[in-house]
Amino acid sequence: MTPILQTKTPLHFLNPNKDALVAEFVGKPLNALRTPAFVVDRAVFADNCKKMHENVRDWGATFRGHLKTHKTIEGTKLQLVSDVGRSSAVIVSTLMEAWGVVQGGLVADGTVKDILYGLPVGLNKLDDLSALQAEMTRYGGTVRIILDHLDQVKFLEEYEMAQEHPKKWSAFIKMNGGQKRAGILPEPVSFKAFMRRVFASPAISVFGFYSHAGNSYGSTSLEQATSYLTGEVRLANDAATMAMEVLAESDNREVHNQPFVLSVGSTPTAFSATMAAKLKMTSVLNGTLELHTGNYTMLDLQQLHTNLICRPQISQKVLATVISYYPGRGSDGQDEAMCDAGGIAMSKDTGRIPGFGEVVGKSWKLGRISQEHGILTQVPPDPESGRTNPTLKIGETIEIVGQHACLIAAAHPWYYIIDSDEGSNKVVDIWVPWKGW
């Protein structure tokens, strides 16, 4: 194998200064902000976190919060601690997020004790992951990785053999339930062969099995989402069952986590993780359940289409300014307008709800976008959603709820925080997300 050069997280070269931003913006009304501006209602965000803790409790699982949507210190605290439940386990999608957790004091104060790096382990990141593990160990915490290929196992072994004090990596085995994003197929012959090799490795301790039903975003009912959740559990449990059969023949039984953790979840399936869903599970579990999810904190049009949430649960929106107006230019002679929130501010993700975003309170949608241009098109009034006002004026500030909160948030350098519980439409805080990889 060609030598793989190790890389480091460029933590010290990124992220604006929160204190300066707070001094500049807290107390300002939303219409005084430069647009596009990403706004989060802290009260709604926190309520979403509390409700997820209720689901986890009722479903009888532990919880691992995914930080990929908000990527902030403040959001992490709300995800992990409420008056209903508490967890200290997280997933990160980047090592910048992991180091942000550490440098933000969330490990030192005990908020986070368990960090899972949520992609199959990058071989050029092992130095960085090792440094992260050392930092976590100082406070009694741990870093876990994801495996889905034997070349990863081989490289981990070679890497650790070169270290003065070799260690074992705590790993989830990622399962592929047909989504074809990452993971191993649960085909008995090949999967058992994979597990024999993993169990024999001096560099790995298997912690559990991980699945993610990304296809559950196509759900349009609680019943459908529950079916996807059941499938996730079945996939992870079948993997654990086969692994136990292999482990029974292994000389390294004692170094692997027992019972295995069966980590499942997506935002739609997490919403369906209720007491009723637990009662529908008939198989004996060869492990303990863990629920992971992330988008639920902010939500968006993709989640609205599942019919598992309602509009007041969406905690994020983008402020934009109407910058031009085009009478009769649209289809059937309807008017169009332009705002300053385009593909960068809103992402180009689409969903089952037409368009790139809904204008709050207005019978308009974000119908077309280019990099910085957002073309607003008229839609029929919808009294049920409150989108009935057909008027737009140049210079007006509008609020847009987009298709995919994770990608929308990723475009913005900081978030303007409001709090509807305080009855204020003014900025009460600034959250600075961890940018980069």
# chains A, B, ... in the order shown; residues from 1 in each chain; ligands from 1
>>> residues_around(residues="Pro16 (chain A)", least_positions_apart="3", cutoff="10 Å", atoms="only C-alpha atoms", output="list in words")
Phe13, Asp19, Ala20, Leu21, Pro413, Trp414, Val432, Pro433, Trp434 and Lys435 of chain A
>>> write_last_selection(atoms="C-alpha atoms", output="compact mmCIF listing (two decimals), in the first residue's frame")
# COMPACT_ATOMS: atom_id res chain seq x y z
CA PHE A 13 -7.54 29.03 11.53
CA ASP A 19 -17.98 37.59 22.09
CA ALA A 20 -17.55 40.14 19.30
CA LEU A 21 -20.63 38.87 17.51
CA PRO A 413 -20.87 31.53 9.42
CA TRP A 414 -22.99 32.06 12.53
CA VAL A 432 -20.87 29.96 16.10
CA PRO A 433 -20.74 26.57 14.35
CA TRP A 434 -17.61 24.52 13.83
CA LYS A 435 -16.71 24.96 10.16
>>> select_by_dssp(residues="region 195-366 of chain A", states="strand (DSSP E)", output="mmCIF file with all heavy atoms, in the first residue's frame")
data_model
loop_
_atom_site.group_PDB
_atom_site.id
_atom_site.type_symbol
_atom_site.label_atom_id
_atom_site.label_comp_id
_atom_site.auth_asym_id
_atom_site.auth_seq_id
_atom_site.Cartn_x
_atom_site.Cartn_y
_atom_site.Cartn_z
ATOM 1 N N ILE A 204 -8.603 -3.824 17.399
ATOM 2 C CA ILE A 204 -10.024 -3.472 17.393
ATOM 3 C C ILE A 204 -10.774 -4.178 18.508
ATOM 4 O O ILE A 204 -10.569 -5.368 18.761
ATOM 5 C CB ILE A 204 -10.668 -3.842 16.037
ATOM 6 C CG1 ILE A 204 -10.019 -3.036 14.920
ATOM 7 C CG2 ILE A 204 -12.176 -3.606 16.053
ATOM 8 C CD1 ILE A 204 -10.329 -3.563 13.551
ATOM 9 N N SER A 205 -11.653 -3.405 19.152
ATOM 10 C CA SER A 205 -12.637 -3.966 20.067
ATOM 11 C C SER A 205 -14.012 -3.584 19.538
ATOM 12 O O SER A 205 -14.327 -2.400 19.404
ATOM 13 C CB SER A 205 -12.446 -3.406 21.484
ATOM 14 O OG SER A 205 -13.474 -3.839 22.342
ATOM 15 N N VAL A 206 -14.809 -4.578 19.184
ATOM 16 C CA VAL A 206 -16.113 -4.297 18.589
ATOM 17 C C VAL A 206 -17.089 -3.834 19.674
ATOM 18 O O VAL A 206 -17.333 -4.546 20.645
ATOM 19 C CB VAL A 206 -16.666 -5.537 17.863
ATOM 20 C CG1 VAL A 206 -18.071 -5.240 17.320
ATOM 21 C CG2 VAL A 206 -15.735 -5.939 16.726
ATOM 22 N N PHE A 207 -17.638 -2.638 19.472
ATOM 23 C CA PHE A 207 -18.573 -2.065 20.433
ATOM 24 C C PHE A 207 -20.018 -2.374 20.072
ATOM 25 O O PHE A 207 -20.867 -2.534 20.947
ATOM 26 C CB PHE A 207 -18.365 -0.550 20.507
ATOM 27 C CG PHE A 207 -19.148 0.129 21.596
ATOM 28 C CD1 PHE A 207 -18.832 -0.063 22.935
ATOM 29 C CD2 PHE A 207 -20.202 0.976 21.284
ATOM 30 C CE1 PHE A 207 -19.566 0.565 23.946
ATOM 31 C CE2 PHE A 207 -20.932 1.613 22.281
ATOM 32 C CZ PHE A 207 -20.607 1.406 23.615
ATOM 33 N N GLY A 208 -20.287 -2.431 18.770
ATOM 34 C CA GLY A 208 -21.664 -2.698 18.374
ATOM 35 C C GLY A 208 -21.848 -2.608 16.875
ATOM 36 O O GLY A 208 -20.876 -2.603 16.106
ATOM 37 N N PHE A 209 -23.118 -2.499 16.472
ATOM 38 C CA PHE A 209 -23.489 -2.486 15.063
ATOM 39 C C PHE A 209 -24.389 -1.284 14.801
ATOM 40 O O PHE A 209 -25.277 -0.971 15.598
ATOM 41 C CB PHE A 209 -24.168 -3.803 14.679
ATOM 42 C CG PHE A 209 -23.251 -4.969 14.890
ATOM 43 C CD1 PHE A 209 -23.202 -5.625 16.120
ATOM 44 C CD2 PHE A 209 -22.388 -5.379 13.892
ATOM 45 C CE1 PHE A 209 -22.319 -6.667 16.340
ATOM 46 C CE2 PHE A 209 -21.501 -6.420 14.090
ATOM 47 C CZ PHE A 209 -21.469 -7.068 15.319
ATOM 48 N N TYR A 210 -24.125 -0.613 13.675
ATOM 49 C CA TYR A 210 -24.713 0.698 13.414
ATOM 50 C C TYR A 210 -25.476 0.672 12.098
ATOM 51 O O TYR A 210 -24.961 0.198 11.079
ATOM 52 C CB TYR A 210 -23.567 1.723 13.327
ATOM 53 C CG TYR A 210 -23.971 3.169 13.179
ATOM 54 C CD1 TYR A 210 -23.932 4.027 14.272
ATOM 55 C CD2 TYR A 210 -24.339 3.695 11.952
ATOM 56 C CE1 TYR A 210 -24.263 5.373 14.138
ATOM 57 C CE2 TYR A 210 -24.680 5.026 11.803
ATOM 58 C CZ TYR A 210 -24.635 5.859 12.900
ATOM 59 O OH TYR A 210 -24.968 7.189 12.757
ATOM 60 N N VAL A 261 -23.864 -3.034 21.315
ATOM 61 C CA VAL A 261 -24.805 -1.924 21.190
ATOM 62 C C VAL A 261 -25.386 -1.938 19.780
ATOM 63 O O VAL A 261 -24.644 -2.013 18.796
ATOM 64 C CB VAL A 261 -24.112 -0.576 21.469
ATOM 65 C CG1 VAL A 261 -25.042 0.587 21.152
ATOM 66 C CG2 VAL A 261 -23.662 -0.513 22.924
ATOM 67 N N LEU A 262 -26.696 -1.889 19.679
ATOM 68 C CA LEU A 262 -27.394 -1.840 18.402
ATOM 69 C C LEU A 262 -27.832 -0.397 18.183
ATOM 70 O O LEU A 262 -28.839 0.049 18.740
ATOM 71 C CB LEU A 262 -28.601 -2.776 18.402
ATOM 72 C CG LEU A 262 -28.367 -4.207 18.931
ATOM 73 C CD1 LEU A 262 -29.666 -5.002 18.896
ATOM 74 C CD2 LEU A 262 -27.273 -4.897 18.123
ATOM 75 N N SER A 263 -27.040 0.351 17.414
ATOM 76 C CA SER A 263 -27.273 1.784 17.246
ATOM 77 C C SER A 263 -28.041 2.033 15.954
ATOM 78 O O SER A 263 -27.556 1.734 14.860
ATOM 79 C CB SER A 263 -25.940 2.537 17.218
ATOM 80 O OG SER A 263 -26.155 3.936 17.282
ATOM 81 N N VAL A 264 -29.246 2.565 16.073
ATOM 82 C CA VAL A 264 -30.125 2.761 14.918
ATOM 83 C C VAL A 264 -30.704 4.167 14.972
ATOM 84 O O VAL A 264 -30.739 4.797 16.016
ATOM 85 C CB VAL A 264 -31.271 1.724 14.900
ATOM 86 C CG1 VAL A 264 -30.718 0.310 14.885
ATOM 87 C CG2 VAL A 264 -32.196 1.907 16.112
ATOM 88 N N THR A 288 -28.087 -4.141 23.226
ATOM 89 C CA THR A 288 -28.876 -3.063 23.829
ATOM 90 C C THR A 288 -29.116 -1.983 22.782
ATOM 91 O O THR A 288 -28.248 -1.672 21.969
ATOM 92 C CB THR A 288 -28.158 -2.459 25.039
ATOM 93 O OG1 THR A 288 -26.887 -1.926 24.620
ATOM 94 C CG2 THR A 288 -27.927 -3.510 26.103
ATOM 95 N N LEU A 289 -30.297 -1.385 22.797
ATOM 96 C CA LEU A 289 -30.670 -0.400 21.794
ATOM 97 C C LEU A 289 -30.092 0.981 22.099
ATOM 98 O O LEU A 289 -30.103 1.442 23.245
ATOM 99 C CB LEU A 289 -32.188 -0.286 21.706
ATOM 100 C CG LEU A 289 -32.932 -1.449 21.061
ATOM 101 C CD1 LEU A 289 -34.434 -1.247 21.208
ATOM 102 C CD2 LEU A 289 -32.547 -1.599 19.600
ATOM 103 N N GLU A 290 -29.597 1.631 21.044
ATOM 104 C CA GLU A 290 -29.168 3.027 21.104
ATOM 105 C C GLU A 290 -29.826 3.741 19.931
ATOM 106 O O GLU A 290 -29.836 3.242 18.811
ATOM 107 C CB GLU A 290 -27.650 3.125 20.993
ATOM 108 C CG GLU A 290 -27.121 4.549 20.919
ATOM 109 C CD GLU A 290 -25.617 4.601 20.723
ATOM 110 O OE1 GLU A 290 -24.887 4.616 21.740
ATOM 111 O OE2 GLU A 290 -25.167 4.608 19.558
ATOM 112 N N LEU A 291 -30.396 4.916 20.186
ATOM 113 C CA LEU A 291 -31.039 5.701 19.134
ATOM 114 C C LEU A 291 -30.159 6.890 18.795
ATOM 115 O O LEU A 291 -29.723 7.630 19.684
ATOM 116 C CB LEU A 291 -32.404 6.191 19.611
ATOM 117 C CG LEU A 291 -33.321 6.815 18.555
ATOM 118 C CD1 LEU A 291 -33.754 5.779 17.521
ATOM 119 C CD2 LEU A 291 -34.541 7.444 19.218
ATOM 120 N N HIS A 292 -29.862 7.081 17.498
ATOM 121 C CA HIS A 292 -29.087 8.244 17.079
ATOM 122 C C HIS A 292 -29.882 9.055 16.056
ATOM 123 O O HIS A 292 -30.574 8.505 15.207
ATOM 124 C CB HIS A 292 -27.727 7.843 16.503
ATOM 125 C CG HIS A 292 -27.797 6.903 15.329
ATOM 126 N ND1 HIS A 292 -27.469 5.567 15.423
ATOM 127 C CD2 HIS A 292 -28.167 7.088 14.037
ATOM 128 C CE1 HIS A 292 -27.613 4.985 14.244
ATOM 129 N NE2 HIS A 292 -28.042 5.890 13.391
ATOM 130 N N THR A 293 -29.770 10.370 16.145
ATOM 131 C CA THR A 293 -30.459 11.264 15.206
ATOM 132 C C THR A 293 -29.916 12.676 15.383
ATOM 133 O O THR A 293 -29.338 12.998 16.425
ATOM 134 C CB THR A 293 -31.983 11.233 15.434
ATOM 135 O OG1 THR A 293 -32.619 12.093 14.506
ATOM 136 C CG2 THR A 293 -32.360 11.623 16.851
ATOM 137 N N GLN A 316 -35.696 26.540 12.518
ATOM 138 C CA GLN A 316 -34.783 27.361 11.726
ATOM 139 C C GLN A 316 -35.493 28.033 10.564
ATOM 140 O O GLN A 316 -36.501 27.542 10.065
ATOM 141 C CB GLN A 316 -33.618 26.519 11.199
ATOM 142 C CG GLN A 316 -34.007 25.296 10.381
ATOM 143 C CD GLN A 316 -34.374 25.566 8.926
ATOM 144 O OE1 GLN A 316 -33.899 26.544 8.337
ATOM 145 N NE2 GLN A 316 -35.208 24.720 8.339
ATOM 146 N N LYS A 317 -34.936 29.149 10.140
ATOM 147 C CA LYS A 317 -35.430 29.849 8.955
ATOM 148 C C LYS A 317 -34.322 30.756 8.443
ATOM 149 O O LYS A 317 -33.378 31.091 9.177
ATOM 150 C CB LYS A 317 -36.676 30.673 9.281
ATOM 151 C CG LYS A 317 -36.463 31.730 10.369
ATOM 152 C CD LYS A 317 -37.778 32.339 10.809
ATOM 153 C CE LYS A 317 -37.589 33.308 11.980
ATOM 154 N NZ LYS A 317 -38.892 33.795 12.518
ATOM 155 N N VAL A 318 -34.434 31.130 7.197
ATOM 156 C CA VAL A 318 -33.475 32.056 6.597
ATOM 157 C C VAL A 318 -34.196 33.366 6.301
ATOM 158 O O VAL A 318 -35.256 33.372 5.658
ATOM 159 C CB VAL A 318 -32.867 31.473 5.305
ATOM 160 C CG1 VAL A 318 -32.000 32.522 4.603
ATOM 161 C CG2 VAL A 318 -32.046 30.233 5.625
ATOM 162 N N LEU A 319 -33.639 34.469 6.784
ATOM 163 C CA LEU A 319 -34.152 35.789 6.431
ATOM 164 C C LEU A 319 -33.557 36.206 5.091
ATOM 165 O O LEU A 319 -32.367 36.010 4.840
ATOM 166 C CB LEU A 319 -33.768 36.825 7.480
ATOM 167 C CG LEU A 319 -34.229 36.605 8.923
ATOM 168 C CD1 LEU A 319 -33.849 37.819 9.763
ATOM 169 C CD2 LEU A 319 -35.711 36.336 9.005
ATOM 170 N N ALA A 320 -34.391 36.752 4.230
ATOM 171 C CA ALA A 320 -33.935 37.253 2.937
ATOM 172 C C ALA A 320 -34.637 38.568 2.648
ATOM 173 O O ALA A 320 -35.667 38.888 3.247
ATOM 174 C CB ALA A 320 -34.230 36.234 1.834
ATOM 175 N N THR A 321 -34.078 39.323 1.730
ATOM 176 C CA THR A 321 -34.653 40.601 1.337
ATOM 177 C C THR A 321 -35.148 40.520 -0.103
ATOM 178 O O THR A 321 -34.441 40.007 -0.976
ATOM 179 C CB THR A 321 -33.614 41.731 1.462
ATOM 180 O OG1 THR A 321 -33.159 41.802 2.814
ATOM 181 C CG2 THR A 321 -34.213 43.068 1.061
ATOM 182 N N VAL A 322 -36.364 41.000 -0.335
ATOM 183 C CA VAL A 322 -36.887 41.086 -1.698
ATOM 184 C C VAL A 322 -36.138 42.212 -2.412
ATOM 185 O O VAL A 322 -36.151 43.363 -1.951
ATOM 186 C CB VAL A 322 -38.402 41.345 -1.699
ATOM 187 C CG1 VAL A 322 -38.923 41.457 -3.140
ATOM 188 C CG2 VAL A 322 -39.134 40.240 -0.939
ATOM 189 N N ILE A 323 -35.485 41.884 -3.526
ATOM 190 C CA ILE A 323 -34.634 42.889 -4.188
ATOM 191 C C ILE A 323 -35.134 43.290 -5.571
ATOM 192 O O ILE A 323 -34.649 44.278 -6.127
ATOM 193 C CB ILE A 323 -33.172 42.410 -4.269
ATOM 194 C CG1 ILE A 323 -33.069 41.068 -4.989
ATOM 195 C CG2 ILE A 323 -32.560 42.315 -2.865
ATOM 196 C CD1 ILE A 323 -31.630 40.574 -5.182
ATOM 197 N N SER A 324 -36.102 42.550 -6.124
ATOM 198 C CA SER A 324 -36.706 42.974 -7.381
ATOM 199 C C SER A 324 -38.048 42.275 -7.563
ATOM 200 O O SER A 324 -38.358 41.307 -6.849
ATOM 201 C CB SER A 324 -35.791 42.695 -8.567
ATOM 202 O OG SER A 324 -36.206 43.454 -9.705
ATOM 203 N N TYR A 325 -38.836 42.788 -8.528
ATOM 204 C CA TYR A 325 -40.201 42.272 -8.735
ATOM 205 C C TYR A 325 -40.503 42.280 -10.232
ATOM 206 O O TYR A 325 -40.156 43.232 -10.939
ATOM 207 C CB TYR A 325 -41.212 43.143 -7.993
ATOM 208 C CG TYR A 325 -42.549 42.472 -7.776
ATOM 209 C CD1 TYR A 325 -42.804 41.769 -6.603
ATOM 210 C CD2 TYR A 325 -43.554 42.529 -8.740
ATOM 211 C CE1 TYR A 325 -44.026 41.143 -6.385
ATOM 212 C CE2 TYR A 325 -44.776 41.908 -8.544
ATOM 213 C CZ TYR A 325 -44.998 41.213 -7.362
ATOM 214 O OH TYR A 325 -46.206 40.592 -7.155
ATOM 215 N N TYR A 326 -41.171 41.193 -10.704
ATOM 216 C CA TYR A 326 -41.387 41.014 -12.138
ATOM 217 C C TYR A 326 -42.859 40.667 -12.409
ATOM 218 O O TYR A 326 -43.233 39.492 -12.460
ATOM 219 C CB TYR A 326 -40.471 39.916 -12.679
ATOM 220 C CG TYR A 326 -39.023 40.112 -12.274
ATOM 221 C CD1 TYR A 326 -38.483 39.384 -11.217
ATOM 222 C CD2 TYR A 326 -38.228 41.044 -12.924
ATOM 223 C CE1 TYR A 326 -37.172 39.580 -10.830
ATOM 224 C CE2 TYR A 326 -36.909 41.250 -12.544
ATOM 225 C CZ TYR A 326 -36.386 40.513 -11.490
ATOM 226 O OH TYR A 326 -35.085 40.720 -11.102
ATOM 227 N N GLU A 336 -43.493 37.200 -10.474
ATOM 228 C CA GLU A 336 -42.311 36.629 -9.844
ATOM 229 C C GLU A 336 -41.566 37.744 -9.127
ATOM 230 O O GLU A 336 -41.792 38.931 -9.373
ATOM 231 C CB GLU A 336 -41.397 35.960 -10.873
ATOM 232 C CG GLU A 336 -41.992 34.731 -11.522
ATOM 233 C CD GLU A 336 -41.007 33.977 -12.410
ATOM 234 O OE1 GLU A 336 -40.013 34.590 -12.854
ATOM 235 O OE2 GLU A 336 -41.241 32.779 -12.657
ATOM 236 N N ALA A 337 -40.683 37.364 -8.231
ATOM 237 C CA ALA A 337 -39.860 38.335 -7.529
ATOM 238 C C ALA A 337 -38.489 37.718 -7.301
ATOM 239 O O ALA A 337 -38.265 36.528 -7.556
ATOM 240 C CB ALA A 337 -40.503 38.728 -6.201
ATOM 241 N N MET A 338 -37.570 38.528 -6.839
ATOM 242 C CA MET A 338 -36.232 38.029 -6.556
ATOM 243 C C MET A 338 -35.836 38.412 -5.135
ATOM 244 O O MET A 338 -36.141 39.520 -4.666
ATOM 245 C CB MET A 338 -35.194 38.594 -7.533
ATOM 246 C CG MET A 338 -33.773 38.080 -7.294
ATOM 247 S SD MET A 338 -32.585 38.767 -8.468
ATOM 248 C CE MET A 338 -33.148 37.929 -9.964
ATOM 249 N N CYS A 339 -35.172 37.469 -4.439
ATOM 250 C CA CYS A 339 -34.602 37.764 -3.123
ATOM 251 C C CYS A 339 -33.113 37.455 -3.145
ATOM 252 O O CYS A 339 -32.583 36.888 -4.109
ATOM 253 C CB CYS A 339 -35.311 36.968 -2.030
ATOM 254 S SG CYS A 339 -34.997 35.183 -2.054
ATOM 255 N N GLY A 357 -37.894 26.226 -1.021
ATOM 256 C CA GLY A 357 -38.260 26.775 0.278
ATOM 257 C C GLY A 357 -39.642 27.406 0.234
ATOM 258 O O GLY A 357 -40.146 27.773 -0.833
ATOM 259 N N GLU A 358 -40.274 27.499 1.386
ATOM 260 C CA GLU A 358 -41.564 28.162 1.536
ATOM 261 C C GLU A 358 -41.361 29.510 2.217
ATOM 262 O O GLU A 358 -40.608 29.619 3.192
ATOM 263 C CB GLU A 358 -42.517 27.327 2.390
ATOM 264 C CG GLU A 358 -42.982 26.041 1.746
ATOM 265 C CD GLU A 358 -43.992 25.304 2.608
ATOM 266 O OE1 GLU A 358 -44.127 25.644 3.812
ATOM 267 O OE2 GLU A 358 -44.641 24.376 2.082
ATOM 268 N N VAL A 359 -42.051 30.537 1.726
ATOM 269 C CA VAL A 359 -42.008 31.848 2.364
ATOM 270 C C VAL A 359 -43.063 31.875 3.466
ATOM 271 O O VAL A 359 -44.255 31.673 3.205
ATOM 272 C CB VAL A 359 -42.257 32.972 1.345
ATOM 273 C CG1 VAL A 359 -42.186 34.337 2.037
ATOM 274 C CG2 VAL A 359 -41.220 32.897 0.218
ATOM 275 N N TRP A 364 -46.119 32.375 -1.524
ATOM 276 C CA TRP A 364 -44.962 32.369 -2.417
ATOM 277 C C TRP A 364 -44.034 31.232 -1.990
ATOM 278 O O TRP A 364 -44.022 30.816 -0.828
ATOM 279 C CB TRP A 364 -44.187 33.689 -2.337
ATOM 280 C CG TRP A 364 -44.908 34.877 -2.883
ATOM 281 C CD1 TRP A 364 -45.916 35.577 -2.294
ATOM 282 C CD2 TRP A 364 -44.658 35.521 -4.138
ATOM 283 N NE1 TRP A 364 -46.315 36.615 -3.091
ATOM 284 C CE2 TRP A 364 -45.550 36.610 -4.240
ATOM 285 C CE3 TRP A 364 -43.756 35.297 -5.182
ATOM 286 C CZ2 TRP A 364 -45.574 37.458 -5.340
ATOM 287 C CZ3 TRP A 364 -43.778 36.148 -6.282
ATOM 288 C CH2 TRP A 364 -44.682 37.210 -6.354
ATOM 289 N N LYS A 365 -43.251 30.766 -2.944
ATOM 290 C CA LYS A 365 -42.198 29.793 -2.640
ATOM 291 C C LYS A 365 -40.914 30.226 -3.336
ATOM 292 O O LYS A 365 -40.927 31.066 -4.253
ATOM 293 C CB LYS A 365 -42.594 28.393 -3.103
ATOM 294 C CG LYS A 365 -42.625 28.220 -4.622
ATOM 295 C CD LYS A 365 -42.988 26.796 -5.022
ATOM 296 C CE LYS A 365 -43.023 26.646 -6.552
ATOM 297 N NZ LYS A 365 -43.402 25.274 -6.963
ATOM 298 N N LEU A 366 -39.807 29.650 -2.875
ATOM 299 C CA LEU A 366 -38.523 29.835 -3.547
ATOM 300 C C LEU A 366 -38.487 28.804 -4.675
ATOM 301 O O LEU A 366 -38.205 27.633 -4.462
ATOM 302 C CB LEU A 366 -37.384 29.623 -2.557
ATOM 303 C CG LEU A 366 -35.971 29.958 -3.023
ATOM 304 C CD1 LEU A 366 -35.860 31.422 -3.422
ATOM 305 C CD2 LEU A 366 -34.957 29.643 -1.921
#
>>> residues_around(residues="region 78-81 of chain A", least_positions_apart="2", cutoff="10 Å", atoms="only C-alpha atoms", output="MDAnalysis selection string")
chainID A and resid 42 45:50 52:53 63:67 73:76 83:90 111:112 294 296:297
>>> write_last_selection(atoms="C-alpha atoms", output="short mmCIF file (atom, residue, chain, number, x, y, z; two decimals), in the first residue's frame")
data_model
loop_
_atom_site.label_atom_id
_atom_site.label_comp_id
_atom_site.auth_asym_id
_atom_site.auth_seq_id
_atom_site.Cartn_x
_atom_site.Cartn_y
_atom_site.Cartn_z
CA ARG A 42 -33.84 28.42 20.82
CA PHE A 45 -34.88 23.81 19.33
CA ALA A 46 -34.85 22.94 23.05
CA ASP A 47 -38.40 21.59 22.95
CA ASN A 48 -37.46 19.31 20.04
CA CYS A 49 -34.56 18.00 22.13
CA LYS A 50 -36.80 17.39 25.13
CA MET A 52 -36.63 13.27 21.61
CA HIS A 53 -35.52 12.41 25.15
CA PHE A 63 -29.35 8.14 23.13
CA ARG A 64 -26.52 9.42 20.94
CA GLY A 65 -27.01 12.92 19.58
CA HIS A 66 -25.72 13.69 16.09
CA LEU A 67 -24.09 17.12 15.98
CA ILE A 73 -21.50 24.12 21.79
CA GLU A 74 -24.90 25.50 22.75
CA GLY A 75 -26.85 23.08 20.59
CA THR A 76 -24.91 20.13 21.94
CA ASP A 83 -35.41 17.87 32.35
CA VAL A 84 -36.59 14.60 30.78
CA GLY A 85 -33.31 12.87 30.01
CA ARG A 86 -29.55 13.05 29.75
CA SER A 87 -26.88 11.51 27.57
CA SER A 88 -23.14 12.01 27.16
CA ALA A 89 -22.74 10.27 23.78
CA VAL A 90 -22.51 12.07 20.44
CA THR A 111 -21.24 16.88 29.10
CA VAL A 112 -19.64 14.63 26.45
CA GLY A 294 -29.55 14.87 14.44
CA TYR A 296 -34.72 16.71 14.56
CA THR A 297 -33.28 19.71 16.41
#
>>> closest_residue(among="A:Glu160, A:Ile394, A:Tyr217, A:Lys113", to="Thr137 (chain A)", atoms="only C-alpha atoms")
A:Lys113
>>> decode(residues="region 218-264 of chain A", atoms="C-alpha atoms", output="PDB file, in the first residue's frame")
ATOM      1  CA  GLY A 218     -39.544   8.968   2.042  1.00  0.00           C
ATOM      2  CA  SER A 219     -41.997   8.122   4.826  1.00  0.00           C
ATOM      3  CA  THR A 220     -45.350   9.856   4.778  1.00  0.00           C
ATOM      4  CA  SER A 221     -46.884   8.305   7.902  1.00  0.00           C
ATOM      5  CA  LEU A 222     -46.031   7.070  11.374  1.00  0.00           C
ATOM      6  CA  GLU A 223     -46.706   3.518  10.212  1.00  0.00           C
ATOM      7  CA  GLN A 224     -44.179   3.783   7.392  1.00  0.00           C
ATOM      8  CA  ALA A 225     -41.527   5.319   9.640  1.00  0.00           C
ATOM      9  CA  THR A 226     -42.114   2.603  12.234  1.00  0.00           C
ATOM     10  CA  SER A 227     -41.622  -0.009   9.537  1.00  0.00           C
ATOM     11  CA  TYR A 228     -38.257   1.536   8.629  1.00  0.00           C
ATOM     12  CA  LEU A 229     -37.290   1.617  12.315  1.00  0.00           C
ATOM     13  CA  THR A 230     -38.188  -2.051  12.699  1.00  0.00           C
ATOM     14  CA  GLY A 231     -36.026  -2.796   9.675  1.00  0.00           C
ATOM     15  CA  GLU A 232     -33.084  -0.897  11.184  1.00  0.00           C
ATOM     16  CA  VAL A 233     -33.345  -2.853  14.426  1.00  0.00           C
ATOM     17  CA  ARG A 234     -33.660  -6.134  12.568  1.00  0.00           C
ATOM     18  CA  LEU A 235     -30.545  -5.335  10.503  1.00  0.00           C
ATOM     19  CA  ALA A 236     -28.389  -4.457  13.511  1.00  0.00           C
ATOM     20  CA  ASN A 237     -29.759  -7.364  15.531  1.00  0.00           C
ATOM     21  CA  ASP A 238     -29.149  -9.892  12.736  1.00  0.00           C
ATOM     22  CA  ALA A 239     -25.576  -8.631  12.522  1.00  0.00           C
ATOM     23  CA  ALA A 240     -25.148  -9.041  16.286  1.00  0.00           C
ATOM     24  CA  THR A 241     -26.607 -12.534  16.133  1.00  0.00           C
ATOM     25  CA  MET A 242     -24.174 -13.634  13.431  1.00  0.00           C
ATOM     26  CA  ALA A 243     -21.316 -11.926  15.237  1.00  0.00           C
ATOM     27  CA  MET A 244     -22.106 -13.805  18.446  1.00  0.00           C
ATOM     28  CA  GLU A 245     -21.962 -17.070  16.539  1.00  0.00           C
ATOM     29  CA  VAL A 246     -18.518 -16.143  15.249  1.00  0.00           C
ATOM     30  CA  LEU A 247     -17.376 -14.814  18.606  1.00  0.00           C
ATOM     31  CA  ALA A 248     -18.292 -18.054  20.316  1.00  0.00           C
ATOM     32  CA  GLU A 249     -15.478 -19.659  18.334  1.00  0.00           C
ATOM     33  CA  SER A 250     -12.984 -16.826  18.901  1.00  0.00           C
ATOM     34  CA  ASP A 251     -10.064 -16.712  21.336  1.00  0.00           C
ATOM     35  CA  ASN A 252     -10.686 -12.974  21.858  1.00  0.00           C
ATOM     36  CA  ARG A 253     -14.194 -13.073  23.293  1.00  0.00           C
ATOM     37  CA  GLU A 254     -13.332 -11.006  26.344  1.00  0.00           C
ATOM     38  CA  VAL A 255     -12.019  -7.935  24.483  1.00  0.00           C
ATOM     39  CA  HIS A 256     -15.271  -7.119  22.693  1.00  0.00           C
ATOM     40  CA  ASN A 257     -18.173  -5.202  24.184  1.00  0.00           C
ATOM     41  CA  GLN A 258     -20.884  -7.383  25.667  1.00  0.00           C
ATOM     42  CA  PRO A 259     -23.703  -7.006  25.083  1.00  0.00           C
ATOM     43  CA  PHE A 260     -23.214  -5.324  21.723  1.00  0.00           C
ATOM     44  CA  VAL A 261     -24.805  -1.924  21.190  1.00  0.00           C
ATOM     45  CA  LEU A 262     -27.394  -1.840  18.402  1.00  0.00           C
ATOM     46  CA  SER A 263     -27.273   1.784  17.246  1.00  0.00           C
ATOM     47  CA  VAL A 264     -30.125   2.761  14.918  1.00  0.00           C
TER      48      VAL A 264
END
